[in-house]
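As stored in query-v2.txt (compact mmCIF, N, CA and C atoms and all ligand atoms):
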# COMPACT_ATOMS: atom_id res chain seq x y z
N MET A 1 213.27 123.96 -121.33
CA MET A 1 212.80 125.34 -121.53
C MET A 1 213.70 126.11 -122.49
N GLY A 2 214.88 125.57 -122.84
CA GLY A 2 215.84 126.31 -123.64
C GLY A 2 215.31 126.75 -124.99
N GLY A 3 214.65 125.82 -125.70
CA GLY A 3 214.11 126.14 -127.02
C GLY A 3 213.03 127.18 -126.95
N PHE A 4 212.24 127.14 -125.88
CA PHE A 4 211.16 128.10 -125.68
C PHE A 4 211.72 129.51 -125.48
N LEU A 5 212.68 129.62 -124.59
CA LEU A 5 213.25 130.93 -124.26
C LEU A 5 214.09 131.47 -125.41
N GLY A 6 214.81 130.59 -126.11
CA GLY A 6 215.57 131.00 -127.28
C GLY A 6 214.64 131.50 -128.38
N GLY A 7 213.48 130.85 -128.52
CA GLY A 7 212.48 131.28 -129.49
C GLY A 7 211.95 132.65 -129.17
N LEU A 8 211.71 132.92 -127.91
CA LEU A 8 211.21 134.23 -127.50
C LEU A 8 212.17 135.33 -127.92
N ARG A 9 213.46 135.05 -127.82
CA ARG A 9 214.46 136.04 -128.20
C ARG A 9 214.34 136.36 -129.70
N GLU A 10 213.88 135.37 -130.48
CA GLU A 10 213.68 135.58 -131.92
C GLU A 10 212.27 136.05 -132.25
N GLY A 11 211.45 136.29 -131.23
CA GLY A 11 210.09 136.73 -131.47
C GLY A 11 209.16 135.60 -131.89
N LYS A 12 209.49 134.39 -131.47
CA LYS A 12 208.68 133.23 -131.82
C LYS A 12 208.30 132.48 -130.55
N ILE A 13 207.13 131.84 -130.59
CA ILE A 13 206.68 131.05 -129.46
C ILE A 13 206.70 129.57 -129.87
N TYR A 14 207.41 128.77 -129.08
CA TYR A 14 207.50 127.34 -129.34
C TYR A 14 206.80 126.55 -128.23
N GLY A 15 206.18 125.45 -128.63
CA GLY A 15 205.63 124.51 -127.66
C GLY A 15 206.24 123.15 -127.90
N ARG A 16 205.92 122.21 -127.02
CA ARG A 16 206.39 120.84 -127.17
C ARG A 16 205.22 119.98 -127.64
N GLU A 17 205.47 119.22 -128.69
CA GLU A 17 204.44 118.34 -129.20
C GLU A 17 204.56 116.95 -128.58
N CYS A 18 203.40 116.40 -128.20
CA CYS A 18 203.33 115.00 -127.79
C CYS A 18 202.64 114.24 -128.91
N LYS A 19 203.38 113.34 -129.55
CA LYS A 19 202.82 112.61 -130.69
C LYS A 19 201.74 111.63 -130.26
N GLU A 20 201.80 111.21 -129.03
CA GLU A 20 200.83 110.23 -128.54
C GLU A 20 199.41 110.80 -128.53
N CYS A 21 199.26 112.03 -128.00
CA CYS A 21 197.91 112.62 -127.90
C CYS A 21 197.75 113.80 -128.86
N SER A 22 198.78 114.09 -129.66
CA SER A 22 198.75 115.16 -130.67
C SER A 22 198.55 116.54 -130.07
N ARG A 23 198.87 116.70 -128.80
CA ARG A 23 198.75 118.03 -128.20
C ARG A 23 200.06 118.79 -128.34
N ILE A 24 199.96 120.12 -128.36
CA ILE A 24 201.15 120.97 -128.29
C ILE A 24 201.07 121.71 -126.96
N LEU A 25 202.08 121.53 -126.14
CA LEU A 25 202.06 122.07 -124.79
C LEU A 25 202.77 123.41 -124.74
N VAL A 26 202.02 124.45 -124.37
CA VAL A 26 202.56 125.81 -124.22
C VAL A 26 202.03 126.38 -122.91
N PRO A 27 202.85 126.81 -121.98
CA PRO A 27 204.31 126.72 -121.98
C PRO A 27 204.77 125.27 -122.10
N PRO A 28 205.95 125.06 -122.69
CA PRO A 28 206.41 123.70 -122.97
C PRO A 28 206.70 122.90 -121.71
N ARG A 29 206.47 121.61 -121.83
CA ARG A 29 206.80 120.68 -120.75
C ARG A 29 207.55 119.50 -121.35
N VAL A 30 208.51 118.98 -120.61
CA VAL A 30 209.30 117.86 -121.12
C VAL A 30 208.53 116.55 -121.00
N PHE A 31 207.43 116.59 -120.21
CA PHE A 31 206.70 115.36 -119.93
C PHE A 31 205.22 115.61 -120.17
N CYS A 32 204.55 114.72 -120.92
CA CYS A 32 203.12 114.84 -121.14
C CYS A 32 202.40 114.19 -119.96
N GLU A 33 201.62 115.01 -119.25
CA GLU A 33 201.00 114.51 -118.03
C GLU A 33 199.76 113.65 -118.33
N GLU A 34 199.32 113.65 -119.60
CA GLU A 34 198.18 112.80 -119.95
C GLU A 34 198.64 111.42 -120.41
N CYS A 35 199.79 111.37 -121.08
CA CYS A 35 200.28 110.10 -121.63
C CYS A 35 201.37 109.49 -120.76
N PHE A 36 201.87 110.23 -119.78
CA PHE A 36 202.96 109.77 -118.92
C PHE A 36 204.17 109.35 -119.75
N ARG A 37 204.55 110.21 -120.70
CA ARG A 37 205.73 109.94 -121.53
C ARG A 37 206.37 111.27 -121.90
N PRO A 38 207.66 111.25 -122.29
CA PRO A 38 208.32 112.51 -122.67
C PRO A 38 207.70 113.07 -123.94
N THR A 39 207.66 114.40 -124.04
CA THR A 39 207.19 115.03 -125.27
C THR A 39 208.26 114.87 -126.36
N ASP A 40 207.88 115.08 -127.62
CA ASP A 40 208.71 114.65 -128.74
C ASP A 40 209.54 115.74 -129.42
N ARG A 41 208.92 116.89 -129.71
CA ARG A 41 209.68 117.88 -130.48
C ARG A 41 209.12 119.27 -130.29
N TRP A 42 209.95 120.27 -130.71
CA TRP A 42 209.55 121.67 -130.64
C TRP A 42 208.71 122.02 -131.86
N VAL A 43 207.63 122.75 -131.64
CA VAL A 43 206.76 123.19 -132.72
C VAL A 43 206.48 124.68 -132.51
N GLN A 44 206.67 125.47 -133.57
CA GLN A 44 206.37 126.90 -133.44
C GLN A 44 204.86 127.12 -133.49
N VAL A 45 204.36 127.97 -132.63
CA VAL A 45 202.94 128.30 -132.64
C VAL A 45 202.77 129.80 -132.89
N ALA A 46 201.54 130.20 -133.18
CA ALA A 46 201.27 131.60 -133.48
C ALA A 46 201.44 132.47 -132.23
N ASP A 47 201.68 133.77 -132.46
CA ASP A 47 201.71 134.69 -131.31
C ASP A 47 200.37 135.42 -131.20
N THR A 48 199.34 134.79 -131.74
CA THR A 48 197.97 135.30 -131.61
C THR A 48 197.15 134.29 -130.83
N GLY A 49 196.07 134.77 -130.24
CA GLY A 49 195.23 133.88 -129.47
C GLY A 49 194.01 134.60 -128.98
N LYS A 50 193.50 134.14 -127.84
CA LYS A 50 192.31 134.78 -127.28
C LYS A 50 192.37 134.80 -125.76
N VAL A 51 191.53 135.65 -125.19
CA VAL A 51 191.43 135.77 -123.74
C VAL A 51 190.52 134.67 -123.21
N VAL A 52 191.01 133.88 -122.29
CA VAL A 52 190.20 132.83 -121.66
C VAL A 52 189.50 133.40 -120.43
N THR A 53 190.26 134.12 -119.63
CA THR A 53 189.71 134.78 -118.47
C THR A 53 190.65 135.92 -118.11
N TYR A 54 190.19 136.88 -117.34
CA TYR A 54 191.05 138.02 -117.04
C TYR A 54 190.63 138.64 -115.72
N SER A 55 191.54 139.45 -115.18
CA SER A 55 191.19 140.24 -114.01
C SER A 55 191.87 141.59 -114.10
N VAL A 56 191.23 142.59 -113.52
CA VAL A 56 191.73 143.95 -113.55
C VAL A 56 192.21 144.29 -112.15
N SER A 57 193.46 144.75 -112.07
CA SER A 57 194.03 145.07 -110.77
C SER A 57 194.46 146.53 -110.69
N TYR A 58 194.11 147.18 -109.60
CA TYR A 58 194.57 148.55 -109.35
C TYR A 58 195.68 148.58 -108.32
N VAL A 59 196.17 147.38 -107.97
CA VAL A 59 197.22 147.28 -106.97
C VAL A 59 198.44 146.62 -107.60
N ASP A 60 199.59 147.24 -107.43
CA ASP A 60 200.82 146.70 -108.00
C ASP A 60 201.32 145.53 -107.15
N THR A 61 202.35 144.84 -107.67
CA THR A 61 202.89 143.68 -106.95
C THR A 61 203.47 144.08 -105.60
N ASP A 62 203.87 145.34 -105.44
CA ASP A 62 204.39 145.78 -104.15
C ASP A 62 203.31 146.48 -103.33
N ALA A 63 202.03 146.25 -103.71
CA ALA A 63 200.87 146.71 -102.94
C ALA A 63 200.60 148.21 -103.03
N THR A 64 201.33 148.93 -103.89
CA THR A 64 201.01 150.34 -104.08
C THR A 64 199.83 150.47 -105.05
N ARG A 65 199.05 151.51 -104.87
CA ARG A 65 197.89 151.71 -105.71
C ARG A 65 198.30 152.30 -107.07
N LEU A 66 197.71 151.78 -108.12
CA LEU A 66 198.07 152.18 -109.48
C LEU A 66 197.06 153.18 -110.04
N GLU A 67 197.57 154.18 -110.78
CA GLU A 67 196.70 155.10 -111.50
C GLU A 67 196.04 154.36 -112.66
N GLU A 68 196.87 153.67 -113.43
CA GLU A 68 196.39 152.89 -114.56
C GLU A 68 196.29 151.44 -114.12
N PRO A 69 195.14 150.82 -114.29
CA PRO A 69 195.02 149.43 -113.85
C PRO A 69 195.84 148.48 -114.71
N VAL A 70 196.24 147.37 -114.12
CA VAL A 70 196.91 146.30 -114.84
C VAL A 70 195.87 145.23 -115.15
N ILE A 71 195.80 144.82 -116.41
CA ILE A 71 194.87 143.76 -116.79
C ILE A 71 195.68 142.50 -117.01
N VAL A 72 195.39 141.48 -116.22
CA VAL A 72 196.08 140.21 -116.33
C VAL A 72 195.10 139.19 -116.89
N ALA A 73 195.51 138.48 -117.92
CA ALA A 73 194.62 137.53 -118.58
C ALA A 73 195.27 136.16 -118.67
N VAL A 74 194.43 135.14 -118.73
CA VAL A 74 194.90 133.83 -119.17
C VAL A 74 194.71 133.80 -120.68
N VAL A 75 195.82 133.62 -121.39
CA VAL A 75 195.87 133.69 -122.84
C VAL A 75 195.95 132.27 -123.41
N GLU A 76 195.08 131.99 -124.36
CA GLU A 76 195.15 130.70 -125.06
C GLU A 76 195.56 131.00 -126.50
N LEU A 77 196.73 130.48 -126.91
CA LEU A 77 197.25 130.78 -128.24
C LEU A 77 196.54 129.98 -129.32
N ASP A 78 196.53 130.53 -130.55
CA ASP A 78 196.03 129.79 -131.69
C ASP A 78 197.03 128.69 -132.01
N GLY A 79 196.58 127.48 -132.17
CA GLY A 79 197.48 126.38 -132.50
C GLY A 79 197.56 125.34 -131.41
N PRO A 80 198.05 125.71 -130.22
CA PRO A 80 198.14 124.71 -129.16
C PRO A 80 196.76 124.17 -128.79
N SER A 81 196.78 123.02 -128.16
CA SER A 81 195.53 122.40 -127.75
C SER A 81 194.79 123.27 -126.76
N ARG A 82 193.51 123.02 -126.65
CA ARG A 82 192.68 123.77 -125.71
C ARG A 82 193.15 123.56 -124.27
N ASN A 83 192.76 124.49 -123.43
CA ASN A 83 193.11 124.45 -122.01
C ASN A 83 194.62 124.48 -121.81
N MET A 84 195.29 125.26 -122.66
CA MET A 84 196.73 125.34 -122.63
C MET A 84 197.13 126.79 -122.36
N GLY A 85 196.38 127.47 -121.54
CA GLY A 85 196.59 128.89 -121.36
C GLY A 85 197.74 129.22 -120.42
N PHE A 86 198.25 130.44 -120.57
CA PHE A 86 199.22 130.96 -119.61
C PHE A 86 198.87 132.41 -119.32
N MET A 87 199.40 132.91 -118.22
CA MET A 87 199.04 134.26 -117.79
C MET A 87 199.96 135.30 -118.40
N HIS A 88 199.35 136.41 -118.84
CA HIS A 88 200.15 137.53 -119.31
C HIS A 88 199.32 138.80 -119.20
N ARG A 89 199.99 139.94 -119.38
CA ARG A 89 199.30 141.23 -119.31
C ARG A 89 198.63 141.59 -120.62
N LEU A 90 197.55 142.36 -120.54
CA LEU A 90 196.93 142.95 -121.72
C LEU A 90 197.27 144.43 -121.76
N GLY A 91 197.39 144.98 -122.97
CA GLY A 91 197.67 146.39 -123.14
C GLY A 91 196.89 146.97 -124.30
N GLU A 92 196.94 148.31 -124.42
CA GLU A 92 196.25 149.04 -125.49
C GLU A 92 194.75 148.78 -125.50
N VAL A 93 194.19 148.53 -124.31
CA VAL A 93 192.75 148.30 -124.21
C VAL A 93 192.28 148.76 -122.83
N ASP A 94 191.08 149.35 -122.79
CA ASP A 94 190.51 149.74 -121.51
C ASP A 94 189.87 148.52 -120.86
N PRO A 95 189.91 148.48 -119.51
CA PRO A 95 189.36 147.31 -118.82
C PRO A 95 187.92 147.01 -119.24
N GLU A 96 187.12 148.05 -119.47
CA GLU A 96 185.71 147.80 -119.81
C GLU A 96 185.53 147.24 -121.22
N HIS A 97 186.59 147.27 -122.02
CA HIS A 97 186.48 146.74 -123.38
C HIS A 97 187.04 145.32 -123.52
N VAL A 98 187.59 144.80 -122.42
CA VAL A 98 188.10 143.43 -122.46
C VAL A 98 186.93 142.47 -122.32
N ASN A 99 186.92 141.44 -123.12
CA ASN A 99 185.92 140.40 -122.91
C ASN A 99 186.51 139.02 -123.17
N ILE A 100 185.87 138.03 -122.61
CA ILE A 100 186.33 136.65 -122.75
C ILE A 100 186.13 136.21 -124.20
N GLY A 101 187.17 135.64 -124.77
CA GLY A 101 187.13 135.23 -126.18
C GLY A 101 187.69 136.30 -127.10
N MET A 102 188.03 137.46 -126.55
CA MET A 102 188.60 138.55 -127.36
C MET A 102 189.89 138.07 -128.04
N LYS A 103 190.00 138.36 -129.36
CA LYS A 103 191.20 137.96 -130.10
C LYS A 103 192.32 138.96 -129.85
N ILE A 104 193.49 138.41 -129.60
CA ILE A 104 194.62 139.23 -129.20
C ILE A 104 195.88 138.80 -129.93
N GLN A 105 196.88 139.67 -129.92
CA GLN A 105 198.18 139.29 -130.47
C GLN A 105 199.29 139.86 -129.61
N ALA A 106 200.44 139.18 -129.66
CA ALA A 106 201.56 139.57 -128.81
C ALA A 106 202.20 140.86 -129.32
N VAL A 107 202.61 141.70 -128.39
CA VAL A 107 203.44 142.87 -128.70
C VAL A 107 204.82 142.56 -128.12
N TRP A 108 205.80 142.52 -129.02
CA TRP A 108 207.15 142.10 -128.63
C TRP A 108 208.02 143.29 -128.30
N LYS A 109 208.98 143.04 -127.43
CA LYS A 109 210.03 144.03 -127.18
C LYS A 109 210.84 144.21 -128.45
N ASP A 110 211.52 145.32 -128.51
CA ASP A 110 212.51 145.57 -129.54
C ASP A 110 213.49 144.40 -129.59
N GLU A 111 213.84 143.99 -130.81
CA GLU A 111 214.69 142.81 -130.96
C GLU A 111 215.97 142.88 -130.13
N THR A 112 216.57 144.06 -130.08
CA THR A 112 217.85 144.21 -129.39
C THR A 112 217.71 144.14 -127.87
N SER A 113 216.50 144.34 -127.34
CA SER A 113 216.35 144.32 -125.88
C SER A 113 215.69 143.04 -125.38
N ARG A 114 215.48 142.07 -126.26
CA ARG A 114 214.94 140.78 -125.81
C ARG A 114 216.01 139.99 -125.09
N GLU A 115 215.59 139.24 -124.07
CA GLU A 115 216.58 138.51 -123.28
C GLU A 115 216.24 137.04 -123.09
N GLY A 116 215.32 136.52 -123.92
CA GLY A 116 214.98 135.11 -123.80
C GLY A 116 214.17 134.83 -122.56
N ALA A 117 213.14 135.65 -122.33
CA ALA A 117 212.26 135.49 -121.18
C ALA A 117 210.84 135.77 -121.62
N ILE A 118 209.88 135.32 -120.83
CA ILE A 118 208.47 135.53 -121.20
C ILE A 118 208.15 137.02 -121.26
N THR A 119 208.94 137.83 -120.56
CA THR A 119 208.75 139.28 -120.60
C THR A 119 209.23 139.89 -121.92
N ASP A 120 209.80 139.07 -122.84
CA ASP A 120 210.09 139.57 -124.18
C ASP A 120 208.79 139.90 -124.92
N ILE A 121 207.71 139.31 -124.46
CA ILE A 121 206.38 139.77 -124.88
C ILE A 121 205.98 140.84 -123.86
N VAL A 122 205.82 142.07 -124.33
CA VAL A 122 205.51 143.16 -123.40
C VAL A 122 204.10 142.96 -122.85
N TYR A 123 203.17 142.72 -123.76
CA TYR A 123 201.78 142.42 -123.40
C TYR A 123 201.07 141.90 -124.64
N PHE A 124 199.82 141.52 -124.49
CA PHE A 124 198.98 141.18 -125.63
C PHE A 124 197.99 142.32 -125.85
N ARG A 125 197.76 142.66 -127.11
CA ARG A 125 196.80 143.70 -127.42
C ARG A 125 195.70 143.14 -128.32
N PRO A 126 194.54 143.83 -128.37
CA PRO A 126 193.48 143.35 -129.26
C PRO A 126 193.97 143.32 -130.70
N ARG A 127 193.51 142.34 -131.45
CA ARG A 127 193.87 142.29 -132.87
C ARG A 127 193.12 143.37 -133.61
N ARG A 128 193.85 144.09 -134.44
CA ARG A 128 193.30 145.29 -135.10
C ARG A 128 192.08 144.98 -135.96
N GLU A 129 192.13 143.87 -136.72
CA GLU A 129 191.04 143.57 -137.64
C GLU A 129 189.73 143.26 -136.92
N GLU A 130 189.81 143.10 -135.60
CA GLU A 130 188.60 142.83 -134.84
C GLU A 130 187.80 144.09 -134.55
N ARG A 131 188.43 145.26 -134.73
CA ARG A 131 187.74 146.50 -134.40
C ARG A 131 186.74 146.86 -135.51
N SER A 132 185.55 147.26 -135.13
CA SER A 132 184.54 147.60 -136.13
C SER A 132 184.84 148.99 -136.68
N GLU A 133 184.50 149.21 -137.92
CA GLU A 133 184.80 150.47 -138.59
C GLU A 133 183.64 151.47 -138.46
N ASP A 134 182.48 151.00 -138.07
CA ASP A 134 181.34 151.92 -138.00
C ASP A 134 181.41 152.78 -136.75
N GLY A 135 180.82 153.99 -136.82
CA GLY A 135 180.82 154.89 -135.70
C GLY A 135 181.97 155.78 -135.84
ZN ZN B 1 200.43 113.15 -124.65

Hey, can you dump this file as structure tokens for me?
Ligand SMILES: [Zn+2]
Amino acid sequence: MGGFLGGLREGKIYGRECKECSRILVPPRVFCEECFRPTDRWVQVADTGKVVTYSVSYVDTDATRLEEPVIVAVVELDGPSRNMGFMHRLGEVDPEHVNIGMKIQAVWKDETSREGAITDIVYFRPRREERSEDG
């Protein structure tokens, strides 16, 4: 996980490539569960992707009720193989405007406050070019 977390500190997302099946595993794994062999190398992937599935929660992790709902999505990045999603928060979007397949991009913490954790990505927001100009 070192290369992955170090990459996050630099504002980059890395996965592990398995040369046997040509998949890039994100979040990275040292072992390819399809080929039963160690993965080969670190590969940088985009910090853009799409929403695979999502849920809207009005309850915080400590069970208190939230004024603003939290939208949690399974995010599939551009680049890695399909079905390689991980969970993260969505932001800058109303729950009723979220849809499956929506194109999104990572919003990173300030460089100086990154700590090499998945939370260095604050949330994913809709990609701007996806918004229609009419109306
Ligand atoms: Zn493999």

Could you give me, as a tab-separated table (two decimals) with N, CA and C atoms, keeping the file's coordinate frame, every polymer residue with an atom at most 6 Å away from an atom of ligand ZN 1 (chain B), counting all atoms listed in the file?
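Saved as part_2.tsv:
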chain	number	residue	atom	x	y	z
A	18	CYS	N	203.40	116.40	-128.20
A	18	CYS	CA	203.33	115.00	-127.79
A	18	CYS	C	202.64	114.24	-128.91
A	19	LYS	N	203.38	113.34	-129.55
A	19	LYS	CA	202.82	112.61	-130.69
A	19	LYS	C	201.74	111.63	-130.26
A	20	GLU	N	201.80	111.21	-129.03
A	20	GLU	CA	200.83	110.23	-128.54
A	20	GLU	C	199.41	110.80	-128.53
A	21	CYS	N	199.26	112.03	-128.00
A	21	CYS	CA	197.91	112.62	-127.90
A	21	CYS	C	197.75	113.80	-128.86
A	22	SER	N	198.78	114.09	-129.66
A	22	SER	CA	198.75	115.16	-130.67
A	22	SER	C	198.55	116.54	-130.07
A	23	ARG	N	198.87	116.70	-128.80
A	23	ARG	CA	198.75	118.03	-128.20
A	23	ARG	C	200.06	118.79	-128.34
A	32	CYS	N	204.55	114.72	-120.92
A	32	CYS	CA	203.12	114.84	-121.14
A	32	CYS	C	202.40	114.19	-119.96
A	33	GLU	N	201.62	115.01	-119.25
A	33	GLU	CA	201.00	114.51	-118.03
A	33	GLU	C	199.76	113.65	-118.33
A	34	GLU	N	199.32	113.65	-119.60
A	34	GLU	CA	198.18	112.80	-119.95
A	34	GLU	C	198.64	111.42	-120.41
A	35	CYS	N	199.79	111.37	-121.08
A	35	CYS	CA	200.28	110.10	-121.63
A	35	CYS	C	201.37	109.49	-120.76
A	36	PHE	N	201.87	110.23	-119.78
A	36	PHE	CA	202.96	109.77	-118.92
A	36	PHE	C	204.17	109.35	-119.75

Which residues are near Val74 (chain A)? Cut-off 6.5 Å, only N, CA and C atoms, ignore same chain within fewer than 4 positions. Put them as a ChimeraX atom specification. /A:50-55,85-88

Surrounding residues of Ala46 (chain A) excluding itself and chain neighbours under 4 positions, 6.5 Å, only N, CA and C atoms, as number ranges by chain | A: 13, 77-80

Who sits within 10 Å of region 57-62 of chain A, only C-alpha atoms, same chain under 4 positions skipped, as a tab-separated table (two decimals) with N, CA and C atoms, keeping the file's coordinate frame:
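Wrote around_20.tsv, looks like this:
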chain	number	residue	atom	x	y	z
A	66	LEU	N	197.71	151.78	-108.12
A	66	LEU	CA	198.07	152.18	-109.48
A	66	LEU	C	197.06	153.18	-110.04
A	67	GLU	N	197.57	154.18	-110.78
A	67	GLU	CA	196.70	155.10	-111.50
A	67	GLU	C	196.04	154.36	-112.66
A	68	GLU	N	196.87	153.67	-113.43
A	68	GLU	CA	196.39	152.89	-114.56
A	68	GLU	C	196.29	151.44	-114.12
A	69	PRO	N	195.14	150.82	-114.29
A	69	PRO	CA	195.02	149.43	-113.85
A	69	PRO	C	195.84	148.48	-114.71
A	70	VAL	N	196.24	147.37	-114.12
A	70	VAL	CA	196.91	146.30	-114.84
A	70	VAL	C	195.87	145.23	-115.15
A	71	ILE	N	195.80	144.82	-116.41
A	71	ILE	CA	194.87	143.76	-116.79
A	71	ILE	C	195.68	142.50	-117.01
A	72	VAL	N	195.39	141.48	-116.22
A	72	VAL	CA	196.08	140.21	-116.33
A	72	VAL	C	195.10	139.19	-116.89
A	95	PRO	N	189.91	148.48	-119.51
A	95	PRO	CA	189.36	147.31	-118.82
A	95	PRO	C	187.92	147.01	-119.24

*Hey, what does DSSP flag as strand (DSSP E or B) within region 58-92 of chain A? Can you give it to me as a list in words?*
Tyr58, Val59, Arg65, Leu66, Glu67, Glu68, Pro69, Val70, Ile71, Val72, Ala73, Val74, Val75, Glu76, Leu77, Phe86, Met87, His88, Arg89 and Leu90 of chain A

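Straight-line separation from atom N of Ala73 (chain A) to atom N of Arg89 (chain A): 4.9 Å.
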
Exercise for the section: Choose the residue, out of A:Ala63, A:Arg16, A:Pro27, A:Val56, that has the smallest atom-to-atom separation from Arg41 (chain A); count only C-alpha atoms. Expected result: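 Result for the nearest residue to Arg41 (chain A): A:Arg16.
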
With N, CA, C and O atoms as the goal, would you fill in the gaps in region 64-76 of chain A and present it as a PDB file, keeping the file's coordinate frame?
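After the write, rebuild_22.pdb holds the following:
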ATOM      1  N   THR A  64     201.330 148.930-103.890  1.00  0.00           N
ATOM      2  CA  THR A  64     201.010 150.340-104.080  1.00  0.00           C
ATOM      3  C   THR A  64     199.830 150.470-105.050  1.00  0.00           C
ATOM      4  O   THR A  64     199.643 149.628-105.936  1.00  0.00           O
ATOM      5  N   ARG A  65     199.050 151.510-104.870  1.00  0.00           N
ATOM      6  CA  ARG A  65     197.890 151.710-105.710  1.00  0.00           C
ATOM      7  C   ARG A  65     198.300 152.300-107.070  1.00  0.00           C
ATOM      8  O   ARG A  65     199.132 153.190-107.144  1.00  0.00           O
ATOM      9  N   LEU A  66     197.710 151.780-108.120  1.00  0.00           N
ATOM     10  CA  LEU A  66     198.070 152.180-109.480  1.00  0.00           C
ATOM     11  C   LEU A  66     197.060 153.180-110.040  1.00  0.00           C
ATOM     12  O   LEU A  66     195.862 153.061-109.816  1.00  0.00           O
ATOM     13  N   GLU A  67     197.570 154.180-110.780  1.00  0.00           N
ATOM     14  CA  GLU A  67     196.700 155.100-111.500  1.00  0.00           C
ATOM     15  C   GLU A  67     196.040 154.360-112.660  1.00  0.00           C
ATOM     16  O   GLU A  67     194.831 154.439-112.857  1.00  0.00           O
ATOM     17  N   GLU A  68     196.870 153.670-113.430  1.00  0.00           N
ATOM     18  CA  GLU A  68     196.390 152.890-114.560  1.00  0.00           C
ATOM     19  C   GLU A  68     196.290 151.440-114.120  1.00  0.00           C
ATOM     20  O   GLU A  68     197.263 150.880-113.637  1.00  0.00           O
ATOM     21  N   PRO A  69     195.140 150.820-114.290  1.00  0.00           N
ATOM     22  CA  PRO A  69     195.020 149.430-113.850  1.00  0.00           C
ATOM     23  C   PRO A  69     195.840 148.480-114.710  1.00  0.00           C
ATOM     24  O   PRO A  69     196.113 148.761-115.879  1.00  0.00           O
ATOM     25  N   VAL A  70     196.240 147.370-114.120  1.00  0.00           N
ATOM     26  CA  VAL A  70     196.910 146.300-114.840  1.00  0.00           C
ATOM     27  C   VAL A  70     195.870 145.230-115.150  1.00  0.00           C
ATOM     28  O   VAL A  70     195.123 144.817-114.263  1.00  0.00           O
ATOM     29  N   ILE A  71     195.800 144.820-116.410  1.00  0.00           N
ATOM     30  CA  ILE A  71     194.870 143.760-116.790  1.00  0.00           C
ATOM     31  C   ILE A  71     195.680 142.500-117.010  1.00  0.00           C
ATOM     32  O   ILE A  71     196.571 142.456-117.850  1.00  0.00           O
ATOM     33  N   VAL A  72     195.390 141.480-116.220  1.00  0.00           N
ATOM     34  CA  VAL A  72     196.080 140.210-116.330  1.00  0.00           C
ATOM     35  C   VAL A  72     195.100 139.190-116.890  1.00  0.00           C
ATOM     36  O   VAL A  72     193.969 139.086-116.404  1.00  0.00           O
ATOM     37  N   ALA A  73     195.510 138.480-117.920  1.00  0.00           N
ATOM     38  CA  ALA A  73     194.620 137.530-118.580  1.00  0.00           C
ATOM     39  C   ALA A  73     195.270 136.160-118.670  1.00  0.00           C
ATOM     40  O   ALA A  73     196.490 136.039-118.683  1.00  0.00           O
ATOM     41  N   VAL A  74     194.430 135.140-118.730  1.00  0.00           N
ATOM     42  CA  VAL A  74     194.900 133.830-119.170  1.00  0.00           C
ATOM     43  C   VAL A  74     194.710 133.800-120.680  1.00  0.00           C
ATOM     44  O   VAL A  74     193.612 134.004-121.173  1.00  0.00           O
ATOM     45  N   VAL A  75     195.820 133.620-121.390  1.00  0.00           N
ATOM     46  CA  VAL A  75     195.870 133.690-122.840  1.00  0.00           C
ATOM     47  C   VAL A  75     195.950 132.270-123.410  1.00  0.00           C
ATOM     48  O   VAL A  75     196.767 131.478-122.971  1.00  0.00           O
ATOM     49  N   GLU A  76     195.080 131.990-124.360  1.00  0.00           N
ATOM     50  CA  GLU A  76     195.150 130.700-125.060  1.00  0.00           C
ATOM     51  C   GLU A  76     195.560 131.000-126.500  1.00  0.00           C
ATOM     52  O   GLU A  76     194.857 131.702-127.219  1.00  0.00           O
TER      53      GLU A  76
END
